[in-house]
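Trainee: One file is attached below, structure_35.cif, containing mmCIF, C-alpha atoms, pLDDT in the B column; chains and numbers go by the auth columns.
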data_coords
#
loop_
_atom_site.group_PDB
_atom_site.id
_atom_site.type_symbol
_atom_site.label_atom_id
_atom_site.label_comp_id
_atom_site.label_asym_id
_atom_site.label_seq_id
_atom_site.Cartn_x
_atom_site.Cartn_y
_atom_site.Cartn_z
_atom_site.B_iso_or_equiv
_atom_site.auth_seq_id
_atom_site.auth_asym_id
ATOM 1 C CA GLN A 1 6.164 -18.106 -0.160 89.00 1 S
ATOM 2 C CA VAL A 2 5.879 -14.399 -0.826 95.00 2 S
ATOM 3 C CA GLN A 3 8.432 -11.955 0.536 96.00 3 S
ATOM 4 C CA LEU A 4 7.734 -8.230 0.741 97.00 4 S
ATOM 5 C CA VAL A 5 10.338 -5.658 1.672 96.00 5 S
ATOM 6 C CA GLU A 6 9.358 -2.030 2.156 96.00 6 S
ATOM 7 C CA SER A 7 11.757 0.884 2.011 96.00 7 S
ATOM 8 C CA GLY A 8 11.726 4.657 1.821 97.00 8 S
ATOM 9 C CA GLY A 9 10.282 5.625 5.164 96.00 9 S
ATOM 10 C CA GLY A 10 11.749 8.365 7.304 97.00 10 S
ATOM 11 C CA LEU A 11 11.252 11.705 8.992 98.00 11 S
ATOM 12 C CA VAL A 12 9.863 14.594 6.978 98.00 12 S
ATOM 13 C CA GLN A 13 8.395 17.989 7.753 98.00 13 S
ATOM 14 C CA ALA A 14 4.744 18.721 7.156 98.00 14 S
ATOM 15 C CA GLY A 15 4.184 19.610 3.530 98.00 15 S
ATOM 16 C CA GLY A 16 7.055 17.449 2.394 98.00 16 S
ATOM 17 C CA SER A 17 7.162 14.307 0.288 98.00 17 S
ATOM 18 C CA LEU A 18 8.320 10.729 0.595 98.00 18 S
ATOM 19 C CA ARG A 19 8.292 7.773 -1.752 98.00 19 S
ATOM 20 C CA LEU A 20 7.791 4.290 -0.355 98.00 20 S
ATOM 21 C CA SER A 21 8.706 1.194 -2.294 98.00 21 S
ATOM 22 C CA CYS A 22 7.851 -2.459 -1.815 98.00 22 S
ATOM 23 C CA ALA A 23 9.840 -5.183 -3.516 98.00 23 S
ATOM 24 C CA ALA A 24 8.007 -8.475 -3.919 97.00 24 S
ATOM 25 C CA SER A 25 9.357 -11.929 -4.625 95.00 25 S
ATOM 26 C CA GLY A 26 8.327 -15.539 -4.447 94.00 26 S
ATOM 27 C CA ARG A 27 5.501 -15.616 -6.973 93.00 27 S
ATOM 28 C CA THR A 28 4.587 -14.002 -10.268 93.00 28 S
ATOM 29 C CA PHE A 29 4.345 -10.304 -9.565 94.00 29 S
ATOM 30 C CA SER A 30 1.661 -9.621 -12.136 94.00 30 S
ATOM 31 C CA SER A 31 -0.627 -12.050 -10.330 93.00 31 S
ATOM 32 C CA MET A 32 -0.508 -9.927 -7.172 95.00 32 S
ATOM 33 C CA TYR A 33 -3.212 -7.532 -6.064 97.00 33 S
ATOM 34 C CA MET A 34 -1.311 -5.009 -4.003 97.00 34 S
ATOM 35 C CA GLY A 35 -2.132 -2.560 -1.288 98.00 35 S
ATOM 36 C CA TRP A 36 -0.664 -0.154 1.216 98.00 36 S
ATOM 37 C CA PHE A 37 -1.955 0.098 4.754 98.00 37 S
ATOM 38 C CA ARG A 38 -0.796 2.101 7.733 98.00 38 S
ATOM 39 C CA GLN A 39 -0.998 1.796 11.472 98.00 39 S
ATOM 40 C CA ALA A 40 -0.481 4.587 13.957 96.00 40 S
ATOM 41 C CA PRO A 41 0.280 3.818 17.629 92.00 41 S
ATOM 42 C CA GLY A 42 -2.796 2.611 19.451 94.00 42 S
ATOM 43 C CA LYS A 43 -4.897 2.528 16.300 96.00 43 S
ATOM 44 C CA GLU A 44 -6.090 -0.081 13.862 96.00 44 S
ATOM 45 C CA ARG A 45 -4.389 -0.830 10.594 97.00 45 S
ATOM 46 C CA ASP A 46 -6.050 1.351 7.975 98.00 46 S
ATOM 47 C CA PHE A 47 -6.282 1.148 4.221 98.00 47 S
ATOM 48 C CA VAL A 48 -4.262 3.705 2.279 98.00 48 S
ATOM 49 C CA ALA A 49 -4.155 2.661 -1.372 98.00 49 S
ATOM 50 C CA ALA A 50 -4.399 -0.359 -3.659 98.00 50 S
ATOM 51 C CA ILE A 51 -3.654 -1.222 -7.255 98.00 51 S
ATOM 52 C CA SER A 52 -4.808 -3.915 -9.629 97.00 52 S
ATOM 53 C CA ARG A 53 -2.503 -6.489 -11.143 96.00 53 S
ATOM 54 C CA TYR A 54 -1.534 -4.466 -14.202 96.00 54 S
ATOM 55 C CA GLY A 55 -2.045 -1.045 -12.700 95.00 55 S
ATOM 56 C CA GLY A 56 -5.223 -0.226 -14.579 95.00 56 S
ATOM 57 C CA SER A 57 -7.219 0.456 -11.430 96.00 57 S
ATOM 58 C CA THR A 58 -6.202 2.294 -8.309 98.00 58 S
ATOM 59 C CA TYR A 59 -8.015 2.918 -5.058 98.00 59 S
ATOM 60 C CA TYR A 60 -7.402 5.427 -2.296 98.00 60 S
ATOM 61 C CA ALA A 61 -8.595 6.246 1.165 98.00 61 S
ATOM 62 C CA ASP A 62 -10.418 9.565 1.255 98.00 62 S
ATOM 63 C CA SER A 63 -7.793 10.921 3.631 98.00 63 S
ATOM 64 C CA VAL A 64 -5.013 10.583 1.044 98.00 64 S
ATOM 65 C CA LYS A 65 -6.805 11.243 -2.244 98.00 65 S
ATOM 66 C CA GLY A 66 -5.036 13.912 -4.248 98.00 66 S
ATOM 67 C CA ARG A 67 -1.899 13.634 -2.119 98.00 67 S
ATOM 68 C CA PHE A 68 -0.761 10.023 -2.538 98.00 68 S
ATOM 69 C CA THR A 69 -0.203 8.043 -5.727 98.00 69 S
ATOM 70 C CA ILE A 70 0.209 4.282 -5.947 98.00 70 S
ATOM 71 C CA SER A 71 1.972 2.732 -8.909 98.00 71 S
ATOM 72 C CA ARG A 72 3.627 -0.532 -9.848 98.00 72 S
ATOM 73 C CA ASP A 73 6.336 -1.728 -12.181 97.00 73 S
ATOM 74 C CA ASN A 74 5.752 -5.313 -13.195 97.00 74 S
ATOM 75 C CA THR A 75 9.186 -5.479 -14.832 96.00 75 S
ATOM 76 C CA LYS A 76 10.883 -4.648 -11.534 97.00 76 S
ATOM 77 C CA ASN A 77 8.448 -6.423 -9.187 97.00 77 S
ATOM 78 C CA THR A 78 7.886 -3.273 -7.190 98.00 78 S
ATOM 79 C CA VAL A 79 4.962 -1.193 -6.016 98.00 79 S
ATOM 80 C CA SER A 80 5.440 2.393 -4.915 98.00 80 S
ATOM 81 C CA LEU A 81 3.543 4.947 -2.913 98.00 81 S
ATOM 82 C CA GLN A 82 4.386 8.557 -3.682 98.00 82 S
ATOM 83 C CA MET A 83 3.292 10.703 -0.769 98.00 83 S
ATOM 84 C CA SER A 84 3.058 14.482 -1.080 98.00 84 S
ATOM 85 C CA SER A 85 1.729 17.308 1.053 98.00 85 S
ATOM 86 C CA LEU A 86 2.340 15.149 4.086 98.00 86 S
ATOM 87 C CA LYS A 87 0.574 15.948 7.325 98.00 87 S
ATOM 88 C CA PRO A 88 1.406 14.993 10.921 97.00 88 S
ATOM 89 C CA GLU A 89 -1.622 12.705 10.887 97.00 89 S
ATOM 90 C CA ASP A 90 0.061 10.639 8.169 98.00 90 S
ATOM 91 C CA THR A 91 2.571 9.485 10.775 98.00 91 S
ATOM 92 C CA ALA A 92 2.377 5.692 10.997 98.00 92 S
ATOM 93 C CA VAL A 93 4.055 2.452 10.100 98.00 93 S
ATOM 94 C CA TYR A 94 3.260 1.755 6.457 98.00 94 S
ATOM 95 C CA TYR A 95 2.780 -1.818 5.303 98.00 95 S
ATOM 96 C CA CYS A 96 2.786 -3.324 1.842 98.00 96 S
ATOM 97 C CA ALA A 97 0.271 -6.128 1.348 98.00 97 S
ATOM 98 C CA VAL A 98 -0.406 -8.727 -1.321 97.00 98 S
ATOM 99 C CA ASP A 99 -3.210 -11.060 -2.213 95.00 99 S
ATOM 100 C CA PHE A 100 -3.907 -13.400 -5.112 95.00 100 S
ATOM 101 C CA ARG A 101 -7.662 -13.815 -4.859 93.00 101 S
ATOM 102 C CA TYR A 102 -9.657 -12.197 -7.635 92.00 102 S
ATOM 103 C CA ARG A 103 -11.581 -9.045 -6.740 92.00 103 S
ATOM 104 C CA SER A 104 -13.838 -7.047 -9.009 92.00 104 S
ATOM 105 C CA SER A 105 -13.360 -3.334 -9.439 90.00 105 S
ATOM 106 C CA ASP A 106 -16.281 -2.555 -7.149 91.00 106 S
ATOM 107 C CA SER A 107 -15.392 -5.068 -4.463 93.00 107 S
ATOM 108 C CA SER A 108 -14.921 -3.890 -0.919 94.00 108 S
ATOM 109 C CA SER A 109 -12.052 -6.375 -0.635 94.00 109 S
ATOM 110 C CA TRP A 110 -9.643 -3.740 -1.860 96.00 110 S
ATOM 111 C CA PHE A 111 -10.080 -1.795 1.362 96.00 111 S
ATOM 112 C CA HIS A 112 -9.906 -4.455 4.075 96.00 112 S
ATOM 113 C CA SER A 113 -6.737 -5.794 5.634 95.00 113 S
ATOM 114 C CA ARG A 114 -8.343 -9.234 5.983 96.00 114 S
ATOM 115 C CA SER A 115 -8.429 -9.460 2.192 96.00 115 S
ATOM 116 C CA TYR A 116 -4.642 -9.539 1.967 97.00 116 S
ATOM 117 C CA ASP A 117 -2.702 -12.638 2.943 96.00 117 S
ATOM 118 C CA TYR A 118 0.896 -11.447 2.775 97.00 118 S
ATOM 119 C CA TRP A 119 2.461 -8.506 4.540 98.00 119 S
ATOM 120 C CA GLY A 120 5.787 -6.742 4.684 97.00 120 S
ATOM 121 C CA GLN A 121 7.553 -5.804 7.898 97.00 121 S
ATOM 122 C CA GLY A 122 6.543 -2.158 7.636 97.00 122 S
ATOM 123 C CA THR A 123 8.406 1.111 7.312 98.00 123 S
ATOM 124 C CA GLN A 124 8.057 4.061 9.659 98.00 124 S
ATOM 125 C CA VAL A 125 6.894 7.404 8.322 98.00 125 S
ATOM 126 C CA THR A 126 7.052 10.339 10.712 98.00 126 S
ATOM 127 C CA VAL A 127 5.761 13.776 9.735 98.00 127 S
ATOM 128 C CA SER A 128 6.753 16.615 12.018 97.00 128 S
ATOM 129 C CA SER A 129 4.680 19.765 12.380 94.00 129 S
#
Rewrite the structure from the file as structure tokens, please.
Mentor:
Amino acid sequence: QVQLVESGGGLVQAGGSLRLSCAASGRTFSSMYMGWFRQAPGKERDFVAAISRYGGSTYYADSVKGRFTISRDNTKNTVSLQMSSLKPEDTAVYYCAVDFRYRSSDSSSWFHSRSYDYWGQGTQVTVSS
């Protein structure tokens, strides 16, 4: 069984920064394809960013490109999301997600919540204007 625990959420003013972390346990971390998704009230859960097993490939939603950076540390079993230049529209609950099924670099699986089997409990990010 995989356990995911997110941390680092909070309230920040527009233009500010936050760093989210997700600690994973239960299976070999380097076998995990990892992603971040977010869900605002009344909206669907949307893709934010993803990273390959050894960090060689990263993927971002257009809305966060240039502002967010995903990274992982396979020695600490953690994945992070550094968020900068935050906007009120970034307000959402942010979820860490894991999957073990292989996906090629050009696969659409990176971007779909259905392609991830394990989820954290979420952490709230609120950006005030």
Trainee: Here's the selection I'm unsure about, the PyMOL selection byres ((chain S and resi 2) around 6); applied to the file above, which residues does it give, as a PyMOL selection string?
Mentor: chain S and resi 1+3+25-26
Trainee: Put those residues in a file: C-alpha atoms, as an mmCIF file, in the coordinates of the input.
Mentor:
data_model
loop_
_atom_site.group_PDB
_atom_site.id
_atom_site.type_symbol
_atom_site.label_atom_id
_atom_site.label_comp_id
_atom_site.auth_asym_id
_atom_site.auth_seq_id
_atom_site.Cartn_x
_atom_site.Cartn_y
_atom_site.Cartn_z
ATOM 1 C CA GLN S 1 6.164 -18.106 -0.160
ATOM 2 C CA GLN S 3 8.432 -11.955 0.536
ATOM 3 C CA SER S 25 9.357 -11.929 -4.625
ATOM 4 C CA GLY S 26 8.327 -15.539 -4.447
#
Trainee: Give me the residues within 9 Å of S:Leu20 as a PDB file with C-alpha atoms, in the frame of the given file, counting all atoms listed in the file and dropping any in the same chain fewer than 5 places off.
Mentor:
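Full text of out_24.pdb as output:
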ATOM      1  CA  GLU S   6       9.358  -2.030   2.156  1.00 96.00           C
ATOM      2  CA  SER S   7      11.757   0.884   2.011  1.00 96.00           C
ATOM      3  CA  GLY S   8      11.726   4.657   1.821  1.00 97.00           C
ATOM      4  CA  GLY S   9      10.282   5.625   5.164  1.00 96.00           C
ATOM      5  CA  VAL S  79       4.962  -1.193  -6.016  1.00 98.00           C
ATOM      6  CA  SER S  80       5.440   2.393  -4.915  1.00 98.00           C
ATOM      7  CA  LEU S  81       3.543   4.947  -2.913  1.00 98.00           C
ATOM      8  CA  GLN S  82       4.386   8.557  -3.682  1.00 98.00           C
ATOM      9  CA  MET S  83       3.292  10.703  -0.769  1.00 98.00           C
ATOM     10  CA  TYR S  94       3.260   1.755   6.457  1.00 98.00           C
ATOM     11  CA  THR S 123       8.406   1.111   7.312  1.00 98.00           C
TER      12      THR S 123
END
Trainee: Step by step, work through what the PyMOL selection byres ((chain S and resi 32-44) around 7) selects in the shown file, and finish by giving those residues as a PDB file with C-alpha atoms, in the frame of the given file.
Mentor:
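The result, written out as selection.pdb:
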ATOM      1  CA  PHE S  29       4.345 -10.304  -9.565  1.00 94.00           C
ATOM      2  CA  SER S  30       1.661  -9.621 -12.136  1.00 94.00           C
ATOM      3  CA  SER S  31      -0.627 -12.050 -10.330  1.00 93.00           C
ATOM      4  CA  ARG S  45      -4.389  -0.830  10.594  1.00 97.00           C
ATOM      5  CA  ASP S  46      -6.050   1.351   7.975  1.00 98.00           C
ATOM      6  CA  PHE S  47      -6.282   1.148   4.221  1.00 98.00           C
ATOM      7  CA  VAL S  48      -4.262   3.705   2.279  1.00 98.00           C
ATOM      8  CA  ALA S  49      -4.155   2.661  -1.372  1.00 98.00           C
ATOM      9  CA  ALA S  50      -4.399  -0.359  -3.659  1.00 98.00           C
ATOM     10  CA  ILE S  51      -3.654  -1.222  -7.255  1.00 98.00           C
ATOM     11  CA  SER S  52      -4.808  -3.915  -9.629  1.00 97.00           C
ATOM     12  CA  ARG S  53      -2.503  -6.489 -11.143  1.00 96.00           C
ATOM     13  CA  THR S  91       2.571   9.485  10.775  1.00 98.00           C
ATOM     14  CA  ALA S  92       2.377   5.692  10.997  1.00 98.00           C
ATOM     15  CA  VAL S  93       4.055   2.452  10.100  1.00 98.00           C
ATOM     16  CA  TYR S  94       3.260   1.755   6.457  1.00 98.00           C
ATOM     17  CA  TYR S  95       2.780  -1.818   5.303  1.00 98.00           C
ATOM     18  CA  CYS S  96       2.786  -3.324   1.842  1.00 98.00           C
ATOM     19  CA  ALA S  97       0.271  -6.128   1.348  1.00 98.00           C
ATOM     20  CA  VAL S  98      -0.406  -8.727  -1.321  1.00 97.00           C
ATOM     21  CA  ASP S  99      -3.210 -11.060  -2.213  1.00 95.00           C
ATOM     22  CA  PHE S 100      -3.907 -13.400  -5.112  1.00 95.00           C
TER      23      PHE S 100
END
Trainee: Can you measure atom CA of S:Gln124 to atom CA of S:Ser71 for me? One decimal in Å is fine.
Mentor: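 Separating atom CA of S:Gln124 from atom CA of S:Ser71 is a distance of 19.6 Å.
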Trainee: Counting all atoms listed in the file, which of S:Gly10, S:Ser104, S:Leu18, S:Ser129 gets nearest to S:Pro88?
Mentor: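 Comparing S:Gly10, S:Ser104, S:Leu18, S:Ser129 against S:Pro88, the winner is S:Ser129.
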Trainee: Using Å and a single decimal, report how far atom CA of S:Ser128 sits from atom CA of S:Leu11.
Mentor: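 So the two atoms, atom CA of S:Leu11 and atom CA of S:Ser128, lie 7.3 Å apart.
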Trainee: Grab the atom CA of S:Ser84 to atom CA of S:Arg67 distance for me, in Å with one decimal place.
Mentor: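 Going from atom CA of S:Ser84 over to atom CA of S:Arg67, I get 5.1 Å.
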Trainee: Evaluating the PyMOL selection byres ((chain S and resi 5) around 6) on the displayed file yields which residues, as an mmCIF file with C-alpha atoms, in the coordinates of the input?
Mentor:
data_model
loop_
_atom_site.group_PDB
_atom_site.id
_atom_site.type_symbol
_atom_site.label_atom_id
_atom_site.label_comp_id
_atom_site.auth_asym_id
_atom_site.auth_seq_id
_atom_site.Cartn_x
_atom_site.Cartn_y
_atom_site.Cartn_z
ATOM 1 C CA LEU S 4 7.734 -8.230 0.741
ATOM 2 C CA GLU S 6 9.358 -2.030 2.156
ATOM 3 C CA CYS S 22 7.851 -2.459 -1.815
ATOM 4 C CA ALA S 23 9.840 -5.183 -3.516
ATOM 5 C CA GLY S 120 5.787 -6.742 4.684
#
Trainee: Hey, which of S:Val125, S:Ala61, S:Thr75, S:Phe68 ends up closest to S:His112? Count only C-alpha atoms.
Mentor: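 Answer, going by the shortest atom-to-atom distance: S:Ala61.
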Trainee: So, counting only C-alpha atoms, which residue among S:Ser105, S:Ser57, S:Ser85, S:Thr69 is closest to S:Ser21?
Mentor: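 Among the listed residues, the smallest separation from S:Ser21 belongs to S:Thr69.
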Trainee: Is it possible to add all heavy atoms to stretch 66-77 of chain S and hand it back as a PDB file, in the frame of the given file?
Mentor:
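Dumped everything to selection28.pdb:
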ATOM      1  N   GLY S  66      -5.609  12.659  -3.772  1.00 98.00           N
ATOM      2  CA  GLY S  66      -5.036  13.912  -4.248  1.00 98.00           C
ATOM      3  C   GLY S  66      -3.652  14.199  -3.704  1.00 98.00           C
ATOM      4  O   GLY S  66      -2.981  15.120  -4.179  1.00 98.00           O
ATOM      5  N   ARG S  67      -3.230  13.422  -2.705  1.00 98.00           N
ATOM      6  CA  ARG S  67      -1.899  13.634  -2.119  1.00 98.00           C
ATOM      7  C   ARG S  67      -0.974  12.438  -2.350  1.00 98.00           C
ATOM      8  O   ARG S  67       0.235  12.606  -2.478  1.00 98.00           O
ATOM      9  CB  ARG S  67      -2.014  13.884  -0.614  1.00 98.00           C
ATOM     10  CG  ARG S  67      -2.835  15.090  -0.247  1.00 98.00           C
ATOM     11  CD  ARG S  67      -2.737  15.407   1.248  1.00 98.00           C
ATOM     12  NE  ARG S  67      -3.238  14.319   2.077  1.00 98.00           N
ATOM     13  CZ  ARG S  67      -2.521  13.718   3.018  1.00 98.00           C
ATOM     14  NH1 ARG S  67      -1.261  14.076   3.236  1.00 98.00           N
ATOM     15  NH2 ARG S  67      -3.058  12.759   3.747  1.00 98.00           N
ATOM     16  N   PHE S  68      -1.547  11.246  -2.374  1.00 98.00           N
ATOM     17  CA  PHE S  68      -0.761  10.023  -2.538  1.00 98.00           C
ATOM     18  C   PHE S  68      -1.058   9.401  -3.899  1.00 98.00           C
ATOM     19  O   PHE S  68      -2.185   9.477  -4.397  1.00 98.00           O
ATOM     20  CB  PHE S  68      -1.112   9.005  -1.462  1.00 98.00           C
ATOM     21  CG  PHE S  68      -0.669   9.355  -0.072  1.00 98.00           C
ATOM     22  CD1 PHE S  68      -0.197  10.622   0.264  1.00 98.00           C
ATOM     23  CD2 PHE S  68      -0.734   8.396   0.942  1.00 98.00           C
ATOM     24  CE1 PHE S  68       0.202  10.931   1.548  1.00 98.00           C
ATOM     25  CE2 PHE S  68      -0.347   8.688   2.232  1.00 98.00           C
ATOM     26  CZ  PHE S  68       0.117   9.952   2.533  1.00 98.00           C
ATOM     27  N   THR S  69      -0.043   8.752  -4.462  1.00 98.00           N
ATOM     28  CA  THR S  69      -0.203   8.043  -5.727  1.00 98.00           C
ATOM     29  C   THR S  69       0.448   6.674  -5.630  1.00 98.00           C
ATOM     30  O   THR S  69       1.637   6.567  -5.294  1.00 98.00           O
ATOM     31  CB  THR S  69       0.425   8.824  -6.879  1.00 98.00           C
ATOM     32  OG1 THR S  69      -0.177  10.128  -6.977  1.00 98.00           O
ATOM     33  CG2 THR S  69       0.213   8.090  -8.204  1.00 98.00           C
ATOM     34  N   ILE S  70      -0.328   5.643  -5.925  1.00 98.00           N
ATOM     35  CA  ILE S  70       0.209   4.282  -5.947  1.00 98.00           C
ATOM     36  C   ILE S  70       0.513   3.900  -7.384  1.00 98.00           C
ATOM     37  O   ILE S  70      -0.232   4.260  -8.312  1.00 98.00           O
ATOM     38  CB  ILE S  70      -0.779   3.284  -5.300  1.00 98.00           C
ATOM     39  CG1 ILE S  70      -0.125   1.906  -5.150  1.00 98.00           C
ATOM     40  CG2 ILE S  70      -2.090   3.215  -6.082  1.00 98.00           C
ATOM     41  CD1 ILE S  70      -0.972   0.923  -4.320  1.00 98.00           C
ATOM     42  N   SER S  71       1.596   3.197  -7.575  1.00 98.00           N
ATOM     43  CA  SER S  71       1.972   2.732  -8.909  1.00 98.00           C
ATOM     44  C   SER S  71       2.734   1.415  -8.767  1.00 98.00           C
ATOM     45  O   SER S  71       3.169   1.052  -7.670  1.00 98.00           O
ATOM     46  CB  SER S  71       2.838   3.775  -9.621  1.00 98.00           C
ATOM     47  OG  SER S  71       4.036   4.009  -8.904  1.00 98.00           O
ATOM     48  N   ARG S  72       2.878   0.726  -9.880  1.00 98.00           N
ATOM     49  CA  ARG S  72       3.627  -0.532  -9.848  1.00 98.00           C
ATOM     50  C   ARG S  72       4.423  -0.667 -11.128  1.00 98.00           C
ATOM     51  O   ARG S  72       4.039  -0.142 -12.188  1.00 98.00           O
ATOM     52  CB  ARG S  72       2.693  -1.725  -9.645  1.00 98.00           C
ATOM     53  CG  ARG S  72       1.742  -1.998 -10.781  1.00 98.00           C
ATOM     54  CD  ARG S  72       0.722  -3.060 -10.383  1.00 98.00           C
ATOM     55  NE  ARG S  72       1.337  -4.365 -10.191  1.00 98.00           N
ATOM     56  CZ  ARG S  72       0.758  -5.354  -9.494  1.00 98.00           C
ATOM     57  NH1 ARG S  72      -0.421  -5.164  -8.939  1.00 98.00           N
ATOM     58  NH2 ARG S  72       1.373  -6.522  -9.395  1.00 98.00           N
ATOM     59  N   ASP S  73       5.507  -1.410 -11.030  1.00 97.00           N
ATOM     60  CA  ASP S  73       6.336  -1.728 -12.181  1.00 97.00           C
ATOM     61  C   ASP S  73       6.478  -3.240 -12.228  1.00 97.00           C
ATOM     62  O   ASP S  73       7.245  -3.819 -11.444  1.00 97.00           O
ATOM     63  CB  ASP S  73       7.699  -1.043 -12.045  1.00 97.00           C
ATOM     64  CG  ASP S  73       8.564  -1.195 -13.285  1.00 97.00           C
ATOM     65  OD1 ASP S  73       8.309  -2.128 -14.072  1.00 97.00           O
ATOM     66  OD2 ASP S  73       9.481  -0.394 -13.457  1.00 97.00           O
ATOM     67  N   ASN S  74       5.749  -3.855 -13.128  1.00 97.00           N
ATOM     68  CA  ASN S  74       5.752  -5.313 -13.195  1.00 97.00           C
ATOM     69  C   ASN S  74       7.047  -5.870 -13.785  1.00 97.00           C
ATOM     70  O   ASN S  74       7.264  -7.080 -13.730  1.00 97.00           O
ATOM     71  CB  ASN S  74       4.554  -5.804 -13.988  1.00 97.00           C
ATOM     72  CG  ASN S  74       3.261  -5.700 -13.196  1.00 97.00           C
ATOM     73  OD1 ASN S  74       3.249  -5.173 -12.081  1.00 97.00           O
ATOM     74  ND2 ASN S  74       2.174  -6.158 -13.786  1.00 97.00           N
ATOM     75  N   THR S  75       7.884  -5.009 -14.339  1.00 96.00           N
ATOM     76  CA  THR S  75       9.186  -5.479 -14.832  1.00 96.00           C
ATOM     77  C   THR S  75      10.219  -5.489 -13.711  1.00 96.00           C
ATOM     78  O   THR S  75      11.238  -6.177 -13.805  1.00 96.00           O
ATOM     79  CB  THR S  75       9.703  -4.597 -15.974  1.00 96.00           C
ATOM     80  OG1 THR S  75       9.982  -3.282 -15.472  1.00 96.00           O
ATOM     81  CG2 THR S  75       8.671  -4.505 -17.092  1.00 96.00           C
ATOM     82  N   LYS S  76       9.944  -4.724 -12.655  1.00 97.00           N
ATOM     83  CA  LYS S  76      10.883  -4.648 -11.534  1.00 97.00           C
ATOM     84  C   LYS S  76      10.308  -5.261 -10.262  1.00 97.00           C
ATOM     85  O   LYS S  76      10.949  -5.211  -9.201  1.00 97.00           O
ATOM     86  CB  LYS S  76      11.275  -3.195 -11.274  1.00 97.00           C
ATOM     87  CG  LYS S  76      12.011  -2.546 -12.438  1.00 97.00           C
ATOM     88  CD  LYS S  76      12.388  -1.114 -12.113  1.00 97.00           C
ATOM     89  CE  LYS S  76      13.147  -0.483 -13.281  1.00 97.00           C
ATOM     90  NZ  LYS S  76      13.507   0.931 -13.002  1.00 97.00           N
ATOM     91  N   ASN S  77       9.090  -5.773 -10.340  1.00 97.00           N
ATOM     92  CA  ASN S  77       8.448  -6.423  -9.187  1.00 97.00           C
ATOM     93  C   ASN S  77       8.354  -5.482  -7.989  1.00 97.00           C
ATOM     94  O   ASN S  77       8.607  -5.886  -6.843  1.00 97.00           O
ATOM     95  CB  ASN S  77       9.191  -7.692  -8.783  1.00 97.00           C
ATOM     96  CG  ASN S  77       9.079  -8.784  -9.828  1.00 97.00           C
ATOM     97  OD1 ASN S  77       8.447  -8.597 -10.866  1.00 97.00           O
ATOM     98  ND2 ASN S  77       9.698  -9.922  -9.564  1.00 97.00           N
TER      99      ASN S  77
END
